[in-house]
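Coordinates from entry32.cif are shown below (mmCIF, N, CA and C atoms).
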```cif
data_work
loop_
_atom_site.label_atom_id
_atom_site.label_comp_id
_atom_site.auth_asym_id
_atom_site.auth_seq_id
_atom_site.Cartn_x
_atom_site.Cartn_y
_atom_site.Cartn_z
N MET O 1337 93.77 295.77 -33.57
CA MET O 1337 93.43 294.35 -33.75
C MET O 1337 92.32 293.97 -32.78
N THR O 1338 91.32 293.34 -33.28
CA THR O 1338 90.19 293.01 -32.40
C THR O 1338 89.98 291.51 -32.23
N GLU O 1339 90.58 290.69 -33.07
CA GLU O 1339 90.43 289.25 -32.92
C GLU O 1339 91.74 288.63 -32.46
N TYR O 1340 91.63 287.75 -31.50
CA TYR O 1340 92.79 287.09 -30.91
C TYR O 1340 92.50 285.61 -30.76
N VAL O 1341 93.56 284.80 -30.78
CA VAL O 1341 93.44 283.37 -30.51
C VAL O 1341 94.53 283.00 -29.51
N TYR O 1342 94.12 282.39 -28.41
CA TYR O 1342 95.05 281.97 -27.36
C TYR O 1342 94.78 280.52 -26.98
N PRO O 1343 95.84 279.80 -26.60
CA PRO O 1343 95.61 278.46 -26.07
C PRO O 1343 95.07 278.53 -24.65
N ALA O 1344 94.13 277.66 -24.37
CA ALA O 1344 93.55 277.58 -23.03
C ALA O 1344 93.66 276.15 -22.54
N ILE O 1345 93.88 276.01 -21.26
CA ILE O 1345 93.92 274.68 -20.64
C ILE O 1345 92.58 274.44 -19.96
N PHE O 1346 91.93 273.36 -20.35
CA PHE O 1346 90.65 272.97 -19.76
C PHE O 1346 90.92 271.88 -18.72
N HIS O 1347 90.54 272.16 -17.48
CA HIS O 1347 90.75 271.25 -16.36
C HIS O 1347 89.39 270.66 -15.97
N PRO O 1348 89.12 269.39 -16.31
CA PRO O 1348 87.84 268.79 -15.90
C PRO O 1348 87.76 268.64 -14.38
N ASN O 1349 86.64 269.00 -13.83
CA ASN O 1349 86.39 268.81 -12.40
C ASN O 1349 85.54 267.56 -12.28
N GLU O 1350 86.16 266.47 -11.89
CA GLU O 1350 85.54 265.15 -11.94
C GLU O 1350 84.30 265.02 -11.05
N ASN O 1351 84.22 265.82 -9.99
CA ASN O 1351 83.11 265.65 -9.06
C ASN O 1351 81.77 266.13 -9.62
N ASP O 1352 81.76 267.08 -10.56
CA ASP O 1352 80.47 267.59 -11.04
C ASP O 1352 80.40 267.81 -12.55
N GLY O 1353 81.41 267.42 -13.30
CA GLY O 1353 81.39 267.57 -14.75
C GLY O 1353 81.69 268.96 -15.25
N SER O 1354 82.03 269.87 -14.36
CA SER O 1354 82.36 271.23 -14.77
C SER O 1354 83.82 271.31 -15.20
N TYR O 1355 84.21 272.47 -15.74
CA TYR O 1355 85.58 272.68 -16.20
C TYR O 1355 86.09 274.02 -15.68
N THR O 1356 87.35 274.04 -15.30
CA THR O 1356 88.05 275.27 -15.01
C THR O 1356 88.95 275.54 -16.21
N VAL O 1357 88.99 276.78 -16.67
CA VAL O 1357 89.76 277.14 -17.86
C VAL O 1357 90.77 278.23 -17.49
N THR O 1358 92.02 277.99 -17.85
CA THR O 1358 93.07 278.97 -17.61
C THR O 1358 93.79 279.28 -18.93
N PHE O 1359 94.37 280.45 -19.00
CA PHE O 1359 95.14 280.89 -20.16
C PHE O 1359 96.58 281.10 -19.71
N PRO O 1360 97.50 280.21 -20.10
CA PRO O 1360 98.87 280.30 -19.62
C PRO O 1360 99.57 281.61 -19.96
N ASP O 1361 99.18 282.26 -21.05
CA ASP O 1361 99.84 283.49 -21.48
C ASP O 1361 99.26 284.75 -20.84
N LEU O 1362 98.14 284.61 -20.13
CA LEU O 1362 97.44 285.78 -19.60
C LEU O 1362 97.24 285.64 -18.09
N PRO O 1363 98.10 286.27 -17.30
CA PRO O 1363 98.02 286.15 -15.85
C PRO O 1363 96.65 286.56 -15.31
N GLY O 1364 96.07 285.69 -14.51
CA GLY O 1364 94.80 285.98 -13.87
C GLY O 1364 93.58 285.75 -14.73
N CYS O 1365 93.76 285.33 -15.97
CA CYS O 1365 92.60 285.07 -16.84
C CYS O 1365 92.17 283.62 -16.61
N ILE O 1366 91.11 283.46 -15.84
CA ILE O 1366 90.62 282.14 -15.45
C ILE O 1366 89.10 282.20 -15.38
N THR O 1367 88.46 281.10 -15.72
CA THR O 1367 87.00 281.04 -15.66
C THR O 1367 86.57 279.61 -15.45
N GLU O 1368 85.27 279.41 -15.33
CA GLU O 1368 84.71 278.07 -15.16
C GLU O 1368 83.44 277.94 -15.99
N GLY O 1369 83.12 276.69 -16.32
CA GLY O 1369 81.88 276.39 -17.01
C GLY O 1369 81.25 275.14 -16.44
N LYS O 1370 79.93 275.10 -16.43
CA LYS O 1370 79.23 273.97 -15.81
C LYS O 1370 79.32 272.70 -16.64
N ASP O 1371 79.61 272.85 -17.94
CA ASP O 1371 79.83 271.71 -18.83
C ASP O 1371 80.74 272.19 -19.96
N MET O 1372 81.04 271.33 -20.93
CA MET O 1372 81.99 271.69 -21.98
C MET O 1372 81.52 272.90 -22.79
N ALA O 1373 80.28 272.91 -23.22
CA ALA O 1373 79.78 274.03 -24.03
C ALA O 1373 79.84 275.33 -23.25
N ASN O 1374 79.42 275.29 -21.99
CA ASN O 1374 79.44 276.48 -21.16
C ASN O 1374 80.87 276.92 -20.87
N ALA O 1375 81.77 275.97 -20.67
CA ALA O 1375 83.18 276.30 -20.42
C ALA O 1375 83.80 277.01 -21.62
N LEU O 1376 83.48 276.56 -22.82
CA LEU O 1376 84.02 277.21 -24.02
C LEU O 1376 83.44 278.62 -24.16
N PHE O 1377 82.15 278.78 -23.92
CA PHE O 1377 81.53 280.11 -23.96
C PHE O 1377 82.18 281.03 -22.93
N MET O 1378 82.32 280.53 -21.71
CA MET O 1378 82.92 281.34 -20.64
C MET O 1378 84.38 281.67 -20.94
N ALA O 1379 85.10 280.74 -21.59
CA ALA O 1379 86.49 280.99 -21.96
C ALA O 1379 86.58 282.13 -22.97
N GLN O 1380 85.70 282.12 -23.96
CA GLN O 1380 85.70 283.20 -24.95
C GLN O 1380 85.37 284.53 -24.28
N ASP O 1381 84.42 284.53 -23.38
CA ASP O 1381 84.03 285.76 -22.68
C ASP O 1381 85.16 286.27 -21.79
N ALA O 1382 85.77 285.39 -21.02
CA ALA O 1382 86.87 285.80 -20.14
C ALA O 1382 88.05 286.33 -20.94
N LEU O 1383 88.37 285.63 -22.04
CA LEU O 1383 89.48 286.06 -22.89
C LEU O 1383 89.20 287.44 -23.46
N ALA O 1384 88.02 287.65 -24.01
CA ALA O 1384 87.68 288.95 -24.60
C ALA O 1384 87.69 290.06 -23.55
N ALA O 1385 87.17 289.78 -22.35
CA ALA O 1385 87.16 290.78 -21.28
C ALA O 1385 88.58 291.14 -20.86
N TRP O 1386 89.44 290.14 -20.70
CA TRP O 1386 90.83 290.38 -20.30
C TRP O 1386 91.54 291.24 -21.34
N LEU O 1387 91.38 290.87 -22.60
CA LEU O 1387 92.05 291.59 -23.69
C LEU O 1387 91.47 292.99 -23.88
N ALA O 1388 90.16 293.16 -23.78
CA ALA O 1388 89.54 294.48 -23.91
C ALA O 1388 90.04 295.41 -22.81
N ASP O 1389 90.16 294.89 -21.60
CA ASP O 1389 90.69 295.70 -20.50
C ASP O 1389 92.12 296.12 -20.79
N SER O 1390 92.92 295.21 -21.31
CA SER O 1390 94.31 295.55 -21.65
C SER O 1390 94.36 296.61 -22.75
N GLU O 1391 93.50 296.46 -23.75
CA GLU O 1391 93.44 297.46 -24.83
C GLU O 1391 93.04 298.82 -24.27
N ASP O 1392 92.02 298.84 -23.42
CA ASP O 1392 91.52 300.09 -22.85
C ASP O 1392 92.58 300.81 -22.03
N HIS O 1393 93.41 300.05 -21.33
CA HIS O 1393 94.45 300.64 -20.49
C HIS O 1393 95.78 300.79 -21.22
N LYS O 1394 95.77 300.49 -22.50
CA LYS O 1394 96.98 300.59 -23.33
C LYS O 1394 98.13 299.73 -22.79
N ASP O 1395 97.76 298.61 -22.15
CA ASP O 1395 98.75 297.66 -21.66
C ASP O 1395 99.25 296.83 -22.84
N SER O 1396 100.47 296.34 -22.72
CA SER O 1396 100.97 295.46 -23.78
C SER O 1396 100.25 294.12 -23.67
N ILE O 1397 99.89 293.58 -24.81
CA ILE O 1397 99.16 292.31 -24.85
C ILE O 1397 100.16 291.22 -25.19
N PRO O 1398 100.27 290.21 -24.33
CA PRO O 1398 101.24 289.13 -24.57
C PRO O 1398 100.97 288.41 -25.89
N VAL O 1399 102.05 288.03 -26.53
CA VAL O 1399 101.94 287.22 -27.75
C VAL O 1399 101.54 285.81 -27.33
N PRO O 1400 100.57 285.22 -28.02
CA PRO O 1400 100.17 283.86 -27.66
C PRO O 1400 101.33 282.88 -27.86
N GLY O 1401 101.55 282.06 -26.87
CA GLY O 1401 102.59 281.04 -26.96
C GLY O 1401 102.07 279.79 -27.64
N ALA O 1402 102.97 278.87 -27.83
CA ALA O 1402 102.58 277.57 -28.40
C ALA O 1402 101.70 276.85 -27.39
N PRO O 1403 100.75 276.06 -27.87
CA PRO O 1403 99.92 275.30 -26.94
C PRO O 1403 100.79 274.42 -26.04
N PRO O 1404 100.59 274.52 -24.73
CA PRO O 1404 101.42 273.74 -23.80
C PRO O 1404 101.04 272.26 -23.80
N GLN O 1405 101.95 271.45 -23.36
CA GLN O 1405 101.68 270.02 -23.16
C GLN O 1405 101.05 269.87 -21.78
N VAL O 1406 99.96 269.11 -21.72
CA VAL O 1406 99.30 268.88 -20.44
C VAL O 1406 99.03 267.39 -20.30
N ALA O 1407 98.85 266.99 -19.06
CA ALA O 1407 98.58 265.57 -18.78
C ALA O 1407 97.07 265.33 -18.75
N SER O 1408 96.65 264.19 -19.25
CA SER O 1408 95.25 263.80 -19.23
C SER O 1408 94.78 263.73 -17.78
N PRO O 1409 93.60 264.17 -17.46
CA PRO O 1409 92.46 264.46 -18.33
C PRO O 1409 92.39 265.91 -18.81
N GLU O 1410 93.38 266.74 -18.44
CA GLU O 1410 93.39 268.10 -18.96
C GLU O 1410 93.62 268.06 -20.47
N PHE O 1411 93.19 269.13 -21.14
CA PHE O 1411 93.46 269.25 -22.57
C PHE O 1411 93.56 270.72 -22.93
N VAL O 1412 94.17 270.98 -24.07
CA VAL O 1412 94.35 272.35 -24.55
C VAL O 1412 93.46 272.56 -25.76
N ASN O 1413 92.85 273.72 -25.81
CA ASN O 1413 92.03 274.11 -26.95
C ASN O 1413 92.34 275.57 -27.26
N LEU O 1414 92.34 275.92 -28.55
CA LEU O 1414 92.51 277.31 -28.92
C LEU O 1414 91.17 278.02 -28.77
N VAL O 1415 91.22 279.25 -28.25
CA VAL O 1415 90.01 280.02 -28.01
C VAL O 1415 90.12 281.34 -28.76
N LEU O 1416 89.06 281.67 -29.49
CA LEU O 1416 88.98 282.91 -30.26
C LEU O 1416 88.19 283.94 -29.49
N ALA O 1417 88.68 285.18 -29.49
CA ALA O 1417 87.95 286.29 -28.86
C ALA O 1417 87.99 287.49 -29.78
N ASP O 1418 86.87 288.19 -29.88
CA ASP O 1418 86.76 289.41 -30.66
C ASP O 1418 86.40 290.53 -29.68
N THR O 1419 87.35 291.43 -29.40
CA THR O 1419 87.12 292.46 -28.40
C THR O 1419 86.11 293.51 -28.86
N ASP O 1420 86.04 293.79 -30.16
CA ASP O 1420 85.02 294.74 -30.63
C ASP O 1420 83.62 294.18 -30.43
N ALA O 1421 83.42 292.92 -30.78
CA ALA O 1421 82.10 292.29 -30.58
C ALA O 1421 81.76 292.23 -29.10
N TRP O 1422 82.75 291.94 -28.25
CA TRP O 1422 82.52 291.87 -26.80
C TRP O 1422 82.08 293.23 -26.27
N ARG O 1423 82.76 294.29 -26.72
CA ARG O 1423 82.39 295.63 -26.27
C ARG O 1423 80.96 295.99 -26.70
N LYS O 1424 80.61 295.65 -27.93
CA LYS O 1424 79.26 295.96 -28.41
C LYS O 1424 78.21 295.26 -27.56
N LYS O 1425 78.54 294.07 -27.10
CA LYS O 1425 77.58 293.29 -26.30
C LYS O 1425 77.49 293.79 -24.86
N TYR O 1426 78.62 294.21 -24.27
CA TYR O 1426 78.65 294.50 -22.84
C TYR O 1426 78.89 295.95 -22.46
N ASP O 1427 79.20 296.80 -23.42
CA ASP O 1427 79.49 298.19 -23.09
C ASP O 1427 78.20 298.89 -22.67
N SER O 1428 78.13 299.34 -21.43
CA SER O 1428 76.91 299.96 -20.93
C SER O 1428 77.01 301.48 -20.82
N ARG O 1429 78.02 302.05 -21.48
CA ARG O 1429 78.12 303.51 -21.46
C ARG O 1429 76.89 304.10 -22.15
N ALA O 1430 76.44 305.23 -21.66
CA ALA O 1430 75.26 305.89 -22.23
C ALA O 1430 75.60 306.49 -23.59
N VAL O 1431 74.64 306.38 -24.51
CA VAL O 1431 74.76 306.95 -25.83
C VAL O 1431 73.60 307.93 -26.00
N LYS O 1432 73.91 309.15 -26.38
CA LYS O 1432 72.86 310.17 -26.53
C LYS O 1432 72.11 309.95 -27.83
N LYS O 1433 70.78 309.95 -27.75
CA LYS O 1433 69.91 309.81 -28.91
C LYS O 1433 68.94 310.99 -28.93
N THR O 1434 68.71 311.53 -30.09
CA THR O 1434 67.72 312.58 -30.26
C THR O 1434 66.45 311.95 -30.80
N LEU O 1435 65.31 312.31 -30.21
CA LEU O 1435 64.05 311.75 -30.67
C LEU O 1435 62.97 312.81 -30.58
N SER O 1436 61.86 312.54 -31.20
CA SER O 1436 60.74 313.49 -31.21
C SER O 1436 59.49 312.81 -30.67
N ILE O 1437 58.76 313.56 -29.82
CA ILE O 1437 57.45 313.11 -29.33
C ILE O 1437 56.53 314.32 -29.40
N PRO O 1438 55.22 314.10 -29.40
CA PRO O 1438 54.30 315.25 -29.41
C PRO O 1438 54.46 316.09 -28.15
N ASN O 1439 54.28 317.39 -28.29
CA ASN O 1439 54.44 318.32 -27.18
C ASN O 1439 53.51 317.98 -26.02
N TRP O 1440 52.25 317.62 -26.32
CA TRP O 1440 51.30 317.31 -25.25
C TRP O 1440 51.77 316.11 -24.42
N LEU O 1441 52.42 315.11 -25.11
CA LEU O 1441 52.92 313.93 -24.40
C LEU O 1441 54.13 314.31 -23.55
N ASN O 1442 54.98 315.15 -24.07
CA ASN O 1442 56.13 315.63 -23.33
C ASN O 1442 55.70 316.36 -22.06
N THR O 1443 54.68 317.23 -22.18
CA THR O 1443 54.19 317.99 -21.04
C THR O 1443 53.65 317.06 -19.96
N LEU O 1444 52.81 316.10 -20.37
CA LEU O 1444 52.26 315.15 -19.40
C LEU O 1444 53.36 314.33 -18.72
N ALA O 1445 54.34 313.89 -19.50
CA ALA O 1445 55.41 313.07 -18.94
C ALA O 1445 56.27 313.88 -17.98
N GLU O 1446 56.60 315.11 -18.33
CA GLU O 1446 57.38 315.96 -17.43
C GLU O 1446 56.62 316.24 -16.14
N ASP O 1447 55.33 316.53 -16.27
CA ASP O 1447 54.50 316.78 -15.07
C ASP O 1447 54.45 315.56 -14.16
N ALA O 1448 54.53 314.37 -14.77
CA ALA O 1448 54.49 313.13 -13.99
C ALA O 1448 55.88 312.71 -13.48
N GLY O 1449 56.90 313.48 -13.84
CA GLY O 1449 58.26 313.17 -13.38
C GLY O 1449 58.85 311.94 -14.04
N VAL O 1450 58.47 311.70 -15.29
CA VAL O 1450 58.94 310.53 -16.02
C VAL O 1450 60.43 310.67 -16.35
N ASN O 1451 61.18 309.58 -16.16
CA ASN O 1451 62.58 309.52 -16.57
C ASN O 1451 62.58 309.00 -18.00
N PHE O 1452 62.76 309.89 -18.96
CA PHE O 1452 62.67 309.52 -20.37
C PHE O 1452 63.69 308.45 -20.75
N SER O 1453 64.90 308.59 -20.26
CA SER O 1453 65.95 307.61 -20.60
C SER O 1453 65.57 306.22 -20.12
N GLN O 1454 65.08 306.12 -18.89
CA GLN O 1454 64.73 304.81 -18.34
C GLN O 1454 63.55 304.20 -19.09
N ILE O 1455 62.57 305.02 -19.41
CA ILE O 1455 61.40 304.52 -20.16
C ILE O 1455 61.83 303.99 -21.52
N LEU O 1456 62.69 304.72 -22.20
CA LEU O 1456 63.15 304.29 -23.52
C LEU O 1456 63.95 302.99 -23.39
N GLN O 1457 64.83 302.90 -22.40
CA GLN O 1457 65.59 301.66 -22.20
C GLN O 1457 64.66 300.48 -21.93
N ASP O 1458 63.70 300.68 -21.05
CA ASP O 1458 62.76 299.60 -20.72
C ASP O 1458 61.97 299.17 -21.95
N ALA O 1459 61.50 300.14 -22.74
CA ALA O 1459 60.71 299.83 -23.93
C ALA O 1459 61.56 299.09 -24.97
N LEU O 1460 62.81 299.52 -25.15
CA LEU O 1460 63.69 298.84 -26.11
C LEU O 1460 63.97 297.41 -25.67
N LYS O 1461 64.22 297.21 -24.39
CA LYS O 1461 64.46 295.85 -23.88
C LYS O 1461 63.24 294.96 -24.08
N GLU O 1462 62.06 295.53 -23.82
CA GLU O 1462 60.84 294.75 -24.02
C GLU O 1462 60.66 294.41 -25.50
N ARG O 1463 60.86 295.37 -26.37
CA ARG O 1463 60.68 295.15 -27.82
C ARG O 1463 61.68 294.13 -28.34
N LEU O 1464 62.91 294.13 -27.79
CA LEU O 1464 63.96 293.23 -28.26
C LEU O 1464 64.02 291.92 -27.46
N ASN O 1465 63.06 291.74 -26.55
CA ASN O 1465 63.01 290.53 -25.71
C ASN O 1465 64.31 290.31 -24.94
N ILE O 1466 64.79 291.38 -24.33
CA ILE O 1466 66.01 291.32 -23.52
C ILE O 1466 65.59 291.37 -22.06
N THR O 1467 66.12 290.45 -21.27
CA THR O 1467 65.77 290.42 -19.85
C THR O 1467 66.80 291.14 -19.02
#
```

As structure tokens:
Amino acid sequence: MTEYVYPAIFHPNENDGSYTVTFPDLPGCITEGKDMANALFMAQDALAAWLADSEDHKDSIPVPGAPPQVASPEFVNLVLADTDAWRKKYDSRAVKKTLSIPNWLNTLAEDAGVNFSQILQDALKERLNIT
């Protein structure tokens, strides 16, 4: 299973408009956002990271409970997380790729001590506008 929905408690921080987000069913799963939109994004990310770690370690994943009752100004919102999508976005394990370049270019690059993997990563990031 890669998609999960859990209730989250959003705690407004009155001094700066930020939010702290906790998941009652998931011990230690807590995050913050500078505003509502960022808090929801961070909640999805924290939830997916927590669950992906549990999946990776073959830990039992708690069943989501009913949304708890909270006092205003706190509120509860359901948060969706997709652990497969999260892994695709953040998994930095190396993947082996086979490619072809002209022999003369390979010789020059080897003589110059070029790190082919790093050059390819840098070029892909530039082409895809990734910082």

Note to self: So that I can see what lies close to range 1397-1412 of chain O, please list as a count of residues only the residues with an atom at most 6.5 Å from it, counting all atoms listed in the file and leaving out residues fewer than 2 positions away in the same chain.
What the structure shows: 11

Next item on the list: Could you tell me which of O:Ala1445, O:Val1431, O:Ala1379, O:Ala1388 comes closest to Leu1416 in chain O if we count only N, CA and C atoms?
Entry: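 Closest residue, counting only N, CA and C atoms: O:Ala1379.
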
Next item on the list: Pick out each residue of chain O that DSSP on the backbone tags as strand (DSSP E or B); I need them as a PyMOL selection string.
Entry: chain O and resi 1339-1349+1354-1358+1366-1369+1411-1418

Next item on the list: I would like the residues chosen by the PyMOL selection byres ((chain O and resi 1366) around 8) on the shown file; could you give them as a ChimeraX atom specification?
Entry: /O:1356-1359,1362-1365,1367-1368,1378-1379,1382-1383

Next item on the list: May I ask for the distance between CA of Glu1350 in chain O and CA of Asp1381 in chain O, given in Å to one decimal place?
Entry: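 Computing it gives 23.3 Å between the two atoms.
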
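From CA of Ser1354 in chain O back to CA of Ala1375 in chain O, the distance works out to 7.6 Å.
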
Next item on the list: Apply DSSP to the backbone of this structure and, from range 1337-1441 of chain O, keep only the residues in helix (DSSP H, G or I); write these as a PyMOL selection string.
Entry: chain O and resi 1372-1392+1419-1426+1439-1441

Note to self: Set the distance at 8 Å and use only C-alpha atoms: which residues neighbour Ala1384 in chain O once local chain neighbours fewer than 6 positions away are removed? I'd like the list as a PyMOL selection string.
What the structure shows: chain O and resi 1417-1419+1422

Margin query: Between CA of Lys1370 in chain O and CA of Asp1389 in chain O, what distance in Å does the model show, to one decimal?
Written below: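 Calculated distance between CA of Lys1370 in chain O and CA of Asp1389 in chain O is 25.0 Å.
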